[in-house]
Amino acid sequence: MILYFTADLMSNSRVSGPARANGIPLRVIASKGGILETIDEETTALLVDLNPPARDAISTIQEVRAAHPDLPIVVHGPHVQVDLLGQAREAGAEVLTNGQFHQQVDAILAKLAEPA
């Protein structure tokens with residue numbers, strides 16, 4: 001199961017639809033609370049949306065990376081948010097712009113759904 005941390009309804013639908021269409025388990029989490037407790041042996045990756053309102057995104061990435069060093073973490077965000085994308089990369093996430101992510105969403109979800 002992929003966990004998707006997003007508070008953006010548009011991003012949610014642009015990812016949930018392809019996941020559902022491809023039979024990929026996806027759980028959307030809109031707030032930071034409970035993410036660490038939600039990660040279990042079924043979790044294959046954490047996907048993080050850096051689009052506003054991306055509250056607590058960087059600290060969430062840092063906390064998940066510390067607790068689960070081998071869990072793939074992929075973020076996507078606006079290409080103009082260079083500093084935020086850089087912070088996510090420094091926190092240990094693979095970083096994609098929104099354009100890159102949405103062009104490849106099916107392939108990215110399929111890759112992230114694979115067990116480690």
# chains A, B, ... in the order shown; residues from 1 in each chain; ligands from 1
>>> residues_around(residues="Arg65 (chain A)", least_positions_apart="6", cutoff="9 Å", atoms="only C-alpha atoms", output="list in words")
Leu71, Pro72, Ile73, Ala91, Gly92 and Ala93 of chain A
>>> residues_around(residues="Gln81 (chain A)", least_positions_apart="3", cutoff="12 Å", atoms="only C-alpha atoms", output="PDB file with all heavy atoms, in the first residue's frame")
ATOM      1  N   LEU A  50       3.854  18.351  -2.216  1.00  0.00           N
ATOM      2  CA  LEU A  50       4.384  19.614  -1.696  1.00  0.00           C
ATOM      3  C   LEU A  50       3.589  20.828  -2.165  1.00  0.00           C
ATOM      4  O   LEU A  50       3.988  21.961  -1.926  1.00  0.00           O
ATOM      5  CB  LEU A  50       5.850  19.791  -2.113  1.00  0.00           C
ATOM      6  CG  LEU A  50       6.831  18.789  -1.537  1.00  0.00           C
ATOM      7  CD1 LEU A  50       8.230  19.071  -2.061  1.00  0.00           C
ATOM      8  CD2 LEU A  50       6.820  18.805  -0.026  1.00  0.00           C
ATOM      9  N   ASN A  51       2.471  20.593  -2.821  1.00  0.00           N
ATOM     10  CA  ASN A  51       1.627  21.708  -3.248  1.00  0.00           C
ATOM     11  C   ASN A  51       0.976  22.341  -2.032  1.00  0.00           C
ATOM     12  O   ASN A  51       0.636  21.653  -1.071  1.00  0.00           O
ATOM     13  CB  ASN A  51       0.533  21.212  -4.205  1.00  0.00           C
ATOM     14  CG  ASN A  51       1.103  20.783  -5.524  1.00  0.00           C
ATOM     15  OD1 ASN A  51       1.696  21.573  -6.229  1.00  0.00           O
ATOM     16  ND2 ASN A  51       0.946  19.508  -5.850  1.00  0.00           N
ATOM     17  N   PRO A  52       0.791  23.645  -2.076  1.00  0.00           N
ATOM     18  CA  PRO A  52       0.100  24.287  -0.954  1.00  0.00           C
ATOM     19  C   PRO A  52      -1.293  23.687  -0.783  1.00  0.00           C
ATOM     20  O   PRO A  52      -1.933  23.393  -1.782  1.00  0.00           O
ATOM     21  CB  PRO A  52       0.012  25.752  -1.385  1.00  0.00           C
ATOM     22  CG  PRO A  52       1.096  25.916  -2.392  1.00  0.00           C
ATOM     23  CD  PRO A  52       1.208  24.583  -3.081  1.00  0.00           C
ATOM     24  N   ALA A  54       1.033  22.496   1.883  1.00  0.00           N
ATOM     25  CA  ALA A  54       1.922  21.380   2.223  1.00  0.00           C
ATOM     26  C   ALA A  54       2.445  21.539   3.646  1.00  0.00           C
ATOM     27  O   ALA A  54       3.638  21.594   3.875  1.00  0.00           O
ATOM     28  CB  ALA A  54       3.064  21.311   1.224  1.00  0.00           C
ATOM     29  N   HIS A  76       6.330  15.326  -4.851  1.00  0.00           N
ATOM     30  CA  HIS A  76       6.124  16.127  -6.058  1.00  0.00           C
ATOM     31  C   HIS A  76       5.643  17.498  -5.624  1.00  0.00           C
ATOM     32  O   HIS A  76       4.954  17.646  -4.611  1.00  0.00           O
ATOM     33  CB  HIS A  76       5.154  15.462  -7.043  1.00  0.00           C
ATOM     34  CG  HIS A  76       3.739  15.387  -6.561  1.00  0.00           C
ATOM     35  ND1 HIS A  76       2.818  16.372  -6.796  1.00  0.00           N
ATOM     36  CD2 HIS A  76       3.094  14.437  -5.850  1.00  0.00           C
ATOM     37  CE1 HIS A  76       1.662  16.031  -6.261  1.00  0.00           C
ATOM     38  NE2 HIS A  76       1.795  14.856  -5.678  1.00  0.00           N
ATOM     39  N   GLY A  77       6.072  18.499  -6.390  1.00  0.00           N
ATOM     40  CA  GLY A  77       5.691  19.854  -6.042  1.00  0.00           C
ATOM     41  C   GLY A  77       5.944  20.810  -7.187  1.00  0.00           C
ATOM     42  O   GLY A  77       6.509  20.435  -8.214  1.00  0.00           O
ATOM     43  N   PRO A  78       5.530  22.046  -7.010  1.00  0.00           N
ATOM     44  CA  PRO A  78       5.687  23.058  -8.053  1.00  0.00           C
ATOM     45  C   PRO A  78       7.159  23.302  -8.392  1.00  0.00           C
ATOM     46  O   PRO A  78       7.984  23.441  -7.487  1.00  0.00           O
ATOM     47  CB  PRO A  78       5.071  24.317  -7.428  1.00  0.00           C
ATOM     48  CG  PRO A  78       4.233  23.843  -6.287  1.00  0.00           C
ATOM     49  CD  PRO A  78       4.870  22.586  -5.808  1.00  0.00           C
ATOM     50  N   LEU A  84      11.885  24.523  -1.470  1.00  0.00           N
ATOM     51  CA  LEU A  84      11.115  23.444  -0.847  1.00  0.00           C
ATOM     52  C   LEU A  84      11.492  22.092  -1.443  1.00  0.00           C
ATOM     53  O   LEU A  84      11.669  21.110  -0.710  1.00  0.00           O
ATOM     54  CB  LEU A  84       9.616  23.711  -1.000  1.00  0.00           C
ATOM     55  CG  LEU A  84       8.668  22.788  -0.250  1.00  0.00           C
ATOM     56  CD1 LEU A  84       8.935  22.828   1.257  1.00  0.00           C
ATOM     57  CD2 LEU A  84       7.225  23.166  -0.538  1.00  0.00           C
ATOM     58  N   LEU A  85      11.646  22.034  -2.755  1.00  0.00           N
ATOM     59  CA  LEU A  85      12.066  20.784  -3.400  1.00  0.00           C
ATOM     60  C   LEU A  85      13.457  20.381  -2.914  1.00  0.00           C
ATOM     61  O   LEU A  85      13.722  19.203  -2.665  1.00  0.00           O
ATOM     62  CB  LEU A  85      12.044  20.928  -4.922  1.00  0.00           C
ATOM     63  CG  LEU A  85      10.658  21.119  -5.551  1.00  0.00           C
ATOM     64  CD1 LEU A  85      10.790  21.464  -7.032  1.00  0.00           C
ATOM     65  CD2 LEU A  85       9.782  19.898  -5.361  1.00  0.00           C
ATOM     66  N   GLY A  86      14.335  21.344  -2.761  1.00  0.00           N
ATOM     67  CA  GLY A  86      15.677  21.072  -2.253  1.00  0.00           C
ATOM     68  C   GLY A  86      15.654  20.562  -0.822  1.00  0.00           C
ATOM     69  O   GLY A  86      16.398  19.638  -0.465  1.00  0.00           O
ATOM     70  N   GLN A  87      14.799  21.141   0.004  1.00  0.00           N
ATOM     71  CA  GLN A  87      14.670  20.683   1.391  1.00  0.00           C
ATOM     72  C   GLN A  87      14.175  19.240   1.435  1.00  0.00           C
ATOM     73  O   GLN A  87      14.639  18.441   2.258  1.00  0.00           O
ATOM     74  CB  GLN A  87      13.712  21.583   2.164  1.00  0.00           C
ATOM     75  CG  GLN A  87      14.245  22.952   2.451  1.00  0.00           C
ATOM     76  CD  GLN A  87      13.177  23.847   3.078  1.00  0.00           C
ATOM     77  OE1 GLN A  87      12.167  23.377   3.603  1.00  0.00           O
ATOM     78  NE2 GLN A  87      13.391  25.149   3.023  1.00  0.00           N
ATOM     79  N   ALA A  88      13.234  18.905   0.559  1.00  0.00           N
ATOM     80  CA  ALA A  88      12.719  17.534   0.508  1.00  0.00           C
ATOM     81  C   ALA A  88      13.822  16.563   0.095  1.00  0.00           C
ATOM     82  O   ALA A  88      13.950  15.473   0.659  1.00  0.00           O
ATOM     83  CB  ALA A  88      11.535  17.455  -0.455  1.00  0.00           C
ATOM     84  N   VAL A  95      12.728  13.535  -5.526  1.00  0.00           N
ATOM     85  CA  VAL A  95      11.965  14.749  -5.815  1.00  0.00           C
ATOM     86  C   VAL A  95      11.614  14.830  -7.296  1.00  0.00           C
ATOM     87  O   VAL A  95      12.468  14.635  -8.152  1.00  0.00           O
ATOM     88  CB  VAL A  95      12.782  15.991  -5.395  1.00  0.00           C
ATOM     89  CG1 VAL A  95      12.080  17.267  -5.800  1.00  0.00           C
ATOM     90  CG2 VAL A  95      13.039  15.974  -3.899  1.00  0.00           C
ATOM     91  N   LEU A  96      10.351  15.132  -7.557  1.00  0.00           N
ATOM     92  CA  LEU A  96       9.857  15.346  -8.916  1.00  0.00           C
ATOM     93  C   LEU A  96       9.037  16.629  -8.946  1.00  0.00           C
ATOM     94  O   LEU A  96       8.361  16.954  -7.965  1.00  0.00           O
ATOM     95  CB  LEU A  96       8.959  14.185  -9.355  1.00  0.00           C
ATOM     96  CG  LEU A  96       9.577  12.796  -9.373  1.00  0.00           C
ATOM     97  CD1 LEU A  96       8.497  11.744  -9.520  1.00  0.00           C
ATOM     98  CD2 LEU A  96      10.588  12.683 -10.495  1.00  0.00           C
ATOM     99  N   THR A  97       9.092  17.331 -10.063  1.00  0.00           N
ATOM    100  CA  THR A  97       8.181  18.458 -10.220  1.00  0.00           C
ATOM    101  C   THR A  97       6.790  17.899 -10.490  1.00  0.00           C
ATOM    102  O   THR A  97       6.637  16.733 -10.869  1.00  0.00           O
ATOM    103  CB  THR A  97       8.598  19.372 -11.382  1.00  0.00           C
ATOM    104  OG1 THR A  97       8.482  18.632 -12.605  1.00  0.00           O
ATOM    105  CG2 THR A  97      10.011  19.909 -11.193  1.00  0.00           C
ATOM    106  N   ASN A  98       5.780  18.736 -10.325  1.00  0.00           N
ATOM    107  CA  ASN A  98       4.419  18.276 -10.616  1.00  0.00           C
ATOM    108  C   ASN A  98       4.300  17.772 -12.050  1.00  0.00           C
ATOM    109  O   ASN A  98       3.669  16.755 -12.301  1.00  0.00           O
ATOM    110  CB  ASN A  98       3.415  19.396 -10.370  1.00  0.00           C
ATOM    111  CG  ASN A  98       3.181  19.644  -8.905  1.00  0.00           C
ATOM    112  OD1 ASN A  98       3.308  18.748  -8.075  1.00  0.00           O
ATOM    113  ND2 ASN A  98       2.851  20.875  -8.567  1.00  0.00           N
TER     114      ASN A  98
END
>>> closest_residue(among="A:Val105, A:Ala113, A:Ala66, A:Ile35", to="Arg14 (chain A)", atoms="only C-alpha atoms")
A:Val105
>>> select_by_dssp(residues="chain A", states="strand (DSSP E or B)", output="PDB file with N, CA, C and O atoms, in the first residue's frame")
ATOM      1  N   ILE A   2       0.516   2.197  -0.821  1.00  0.00           N
ATOM      2  CA  ILE A   2       1.195   3.481  -0.863  1.00  0.00           C
ATOM      3  C   ILE A   2       0.419   4.452   0.020  1.00  0.00           C
ATOM      4  O   ILE A   2      -0.804   4.541  -0.078  1.00  0.00           O
ATOM      5  N   LEU A   3       1.129   5.166   0.882  1.00  0.00           N
ATOM      6  CA  LEU A   3       0.509   6.247   1.647  1.00  0.00           C
ATOM      7  C   LEU A   3       0.739   7.531   0.887  1.00  0.00           C
ATOM      8  O   LEU A   3       1.859   7.792   0.433  1.00  0.00           O
ATOM      9  N   TYR A   4      -0.298   8.332   0.733  1.00  0.00           N
ATOM     10  CA  TYR A   4      -0.195   9.597   0.012  1.00  0.00           C
ATOM     11  C   TYR A   4      -0.571  10.725   0.949  1.00  0.00           C
ATOM     12  O   TYR A   4      -1.721  10.854   1.361  1.00  0.00           O
ATOM     13  N   PHE A   5       0.413  11.542   1.312  1.00  0.00           N
ATOM     14  CA  PHE A   5       0.226  12.666   2.217  1.00  0.00           C
ATOM     15  C   PHE A   5      -0.080  13.907   1.387  1.00  0.00           C
ATOM     16  O   PHE A   5       0.801  14.470   0.745  1.00  0.00           O
ATOM     17  N   LEU A  26      -3.903   2.469  -2.312  1.00  0.00           N
ATOM     18  CA  LEU A  26      -3.456   3.818  -1.970  1.00  0.00           C
ATOM     19  C   LEU A  26      -4.308   4.323  -0.817  1.00  0.00           C
ATOM     20  O   LEU A  26      -5.535   4.214  -0.856  1.00  0.00           O
ATOM     21  N   ARG A  27      -3.649   4.856   0.187  1.00  0.00           N
ATOM     22  CA  ARG A  27      -4.374   5.460   1.303  1.00  0.00           C
ATOM     23  C   ARG A  27      -3.959   6.921   1.388  1.00  0.00           C
ATOM     24  O   ARG A  27      -2.772   7.233   1.513  1.00  0.00           O
ATOM     25  N   VAL A  28      -4.925   7.803   1.339  1.00  0.00           N
ATOM     26  CA  VAL A  28      -4.672   9.234   1.405  1.00  0.00           C
ATOM     27  C   VAL A  28      -4.759   9.697   2.848  1.00  0.00           C
ATOM     28  O   VAL A  28      -5.709   9.366   3.558  1.00  0.00           O
ATOM     29  N   ILE A  29      -3.752  10.459   3.248  1.00  0.00           N
ATOM     30  CA  ILE A  29      -3.704  11.027   4.592  1.00  0.00           C
ATOM     31  C   ILE A  29      -3.573  12.533   4.427  1.00  0.00           C
ATOM     32  O   ILE A  29      -2.651  13.009   3.764  1.00  0.00           O
ATOM     33  N   ALA A  45       5.556   2.484   0.174  1.00  0.00           N
ATOM     34  CA  ALA A  45       6.148   3.792  -0.099  1.00  0.00           C
ATOM     35  C   ALA A  45       5.291   4.897   0.517  1.00  0.00           C
ATOM     36  O   ALA A  45       4.112   4.701   0.803  1.00  0.00           O
ATOM     37  N   LEU A  46       5.940   6.055   0.664  1.00  0.00           N
ATOM     38  CA  LEU A  46       5.237   7.276   1.066  1.00  0.00           C
ATOM     39  C   LEU A  46       5.370   8.261  -0.077  1.00  0.00           C
ATOM     40  O   LEU A  46       6.471   8.528  -0.551  1.00  0.00           O
ATOM     41  N   LEU A  47       4.258   8.765  -0.526  1.00  0.00           N
ATOM     42  CA  LEU A  47       4.195   9.785  -1.558  1.00  0.00           C
ATOM     43  C   LEU A  47       3.750  11.068  -0.872  1.00  0.00           C
ATOM     44  O   LEU A  47       2.785  11.070  -0.113  1.00  0.00           O
ATOM     45  N   VAL A  48       4.480  12.164  -1.119  1.00  0.00           N
ATOM     46  CA  VAL A  48       4.194  13.428  -0.439  1.00  0.00           C
ATOM     47  C   VAL A  48       3.947  14.521  -1.468  1.00  0.00           C
ATOM     48  O   VAL A  48       4.747  14.717  -2.383  1.00  0.00           O
ATOM     49  N   ASP A  49       2.862  15.225  -1.294  1.00  0.00           N
ATOM     50  CA  ASP A  49       2.491  16.346  -2.144  1.00  0.00           C
ATOM     51  C   ASP A  49       2.994  17.630  -1.509  1.00  0.00           C
ATOM     52  O   ASP A  49       2.626  17.954  -0.384  1.00  0.00           O
ATOM     53  N   ILE A  73      10.474   7.229  -0.376  1.00  0.00           N
ATOM     54  CA  ILE A  73       9.692   8.449  -0.200  1.00  0.00           C
ATOM     55  C   ILE A  73       9.859   9.263  -1.475  1.00  0.00           C
ATOM     56  O   ILE A  73      10.977   9.594  -1.866  1.00  0.00           O
ATOM     57  N   VAL A  74       8.750   9.558  -2.117  1.00  0.00           N
ATOM     58  CA  VAL A  74       8.752  10.354  -3.339  1.00  0.00           C
ATOM     59  C   VAL A  74       7.880  11.567  -3.101  1.00  0.00           C
ATOM     60  O   VAL A  74       6.769  11.453  -2.580  1.00  0.00           O
ATOM     61  N   VAL A  75       8.391  12.739  -3.478  1.00  0.00           N
ATOM     62  CA  VAL A  75       7.614  13.962  -3.358  1.00  0.00           C
ATOM     63  C   VAL A  75       7.416  14.583  -4.730  1.00  0.00           C
ATOM     64  O   VAL A  75       8.224  14.379  -5.636  1.00  0.00           O
ATOM     65  N   HIS A  76       6.330  15.326  -4.851  1.00  0.00           N
ATOM     66  CA  HIS A  76       6.124  16.127  -6.058  1.00  0.00           C
ATOM     67  C   HIS A  76       5.643  17.498  -5.624  1.00  0.00           C
ATOM     68  O   HIS A  76       4.954  17.646  -4.611  1.00  0.00           O
ATOM     69  N   GLY A  77       6.072  18.499  -6.390  1.00  0.00           N
ATOM     70  CA  GLY A  77       5.691  19.854  -6.042  1.00  0.00           C
ATOM     71  C   GLY A  77       5.944  20.810  -7.187  1.00  0.00           C
ATOM     72  O   GLY A  77       6.509  20.435  -8.214  1.00  0.00           O
ATOM     73  N   GLU A  94      13.034  11.291  -2.906  1.00  0.00           N
ATOM     74  CA  GLU A  94      13.187  11.461  -4.348  1.00  0.00           C
ATOM     75  C   GLU A  94      12.244  12.589  -4.738  1.00  0.00           C
ATOM     76  O   GLU A  94      11.083  12.599  -4.328  1.00  0.00           O
ATOM     77  N   VAL A  95      12.728  13.535  -5.526  1.00  0.00           N
ATOM     78  CA  VAL A  95      11.965  14.749  -5.815  1.00  0.00           C
ATOM     79  C   VAL A  95      11.614  14.830  -7.296  1.00  0.00           C
ATOM     80  O   VAL A  95      12.468  14.635  -8.152  1.00  0.00           O
ATOM     81  N   LEU A  96      10.351  15.132  -7.557  1.00  0.00           N
ATOM     82  CA  LEU A  96       9.857  15.346  -8.916  1.00  0.00           C
ATOM     83  C   LEU A  96       9.037  16.629  -8.946  1.00  0.00           C
ATOM     84  O   LEU A  96       8.361  16.954  -7.965  1.00  0.00           O
ATOM     85  N   THR A  97       9.092  17.331 -10.063  1.00  0.00           N
ATOM     86  CA  THR A  97       8.181  18.458 -10.220  1.00  0.00           C
ATOM     87  C   THR A  97       6.790  17.899 -10.490  1.00  0.00           C
ATOM     88  O   THR A  97       6.637  16.733 -10.869  1.00  0.00           O
TER      89      THR A  97
END
>>> atom_distance(atom1="CA of Asp40 (chain A)", atom2="CA of Leu9 (chain A)")
25.0 Å
>>> atom_distance(atom1="CA of Met1 (chain A)", atom2="CA of Glu42 (chain A)")
5.7 Å
>>> residues_around(residues="Glu37 (chain A)", least_positions_apart="6", cutoff="12 Å", atoms="only C-alpha atoms", output="PyMOL selection string")
chain A and resi 3+29+43+63-64+67-68
>>> closest_residue(among="A:His79, A:Ser13, A:Pro115, A:Ala19", to="Glu41 (chain A)", atoms="only C-alpha atoms")
A:Pro115
>>> closest_residue(among="A:Gly34, A:Thr44, A:Val80, A:Gln103", to="Thr60 (chain A)", atoms="only C-alpha atoms")
A:Gly34
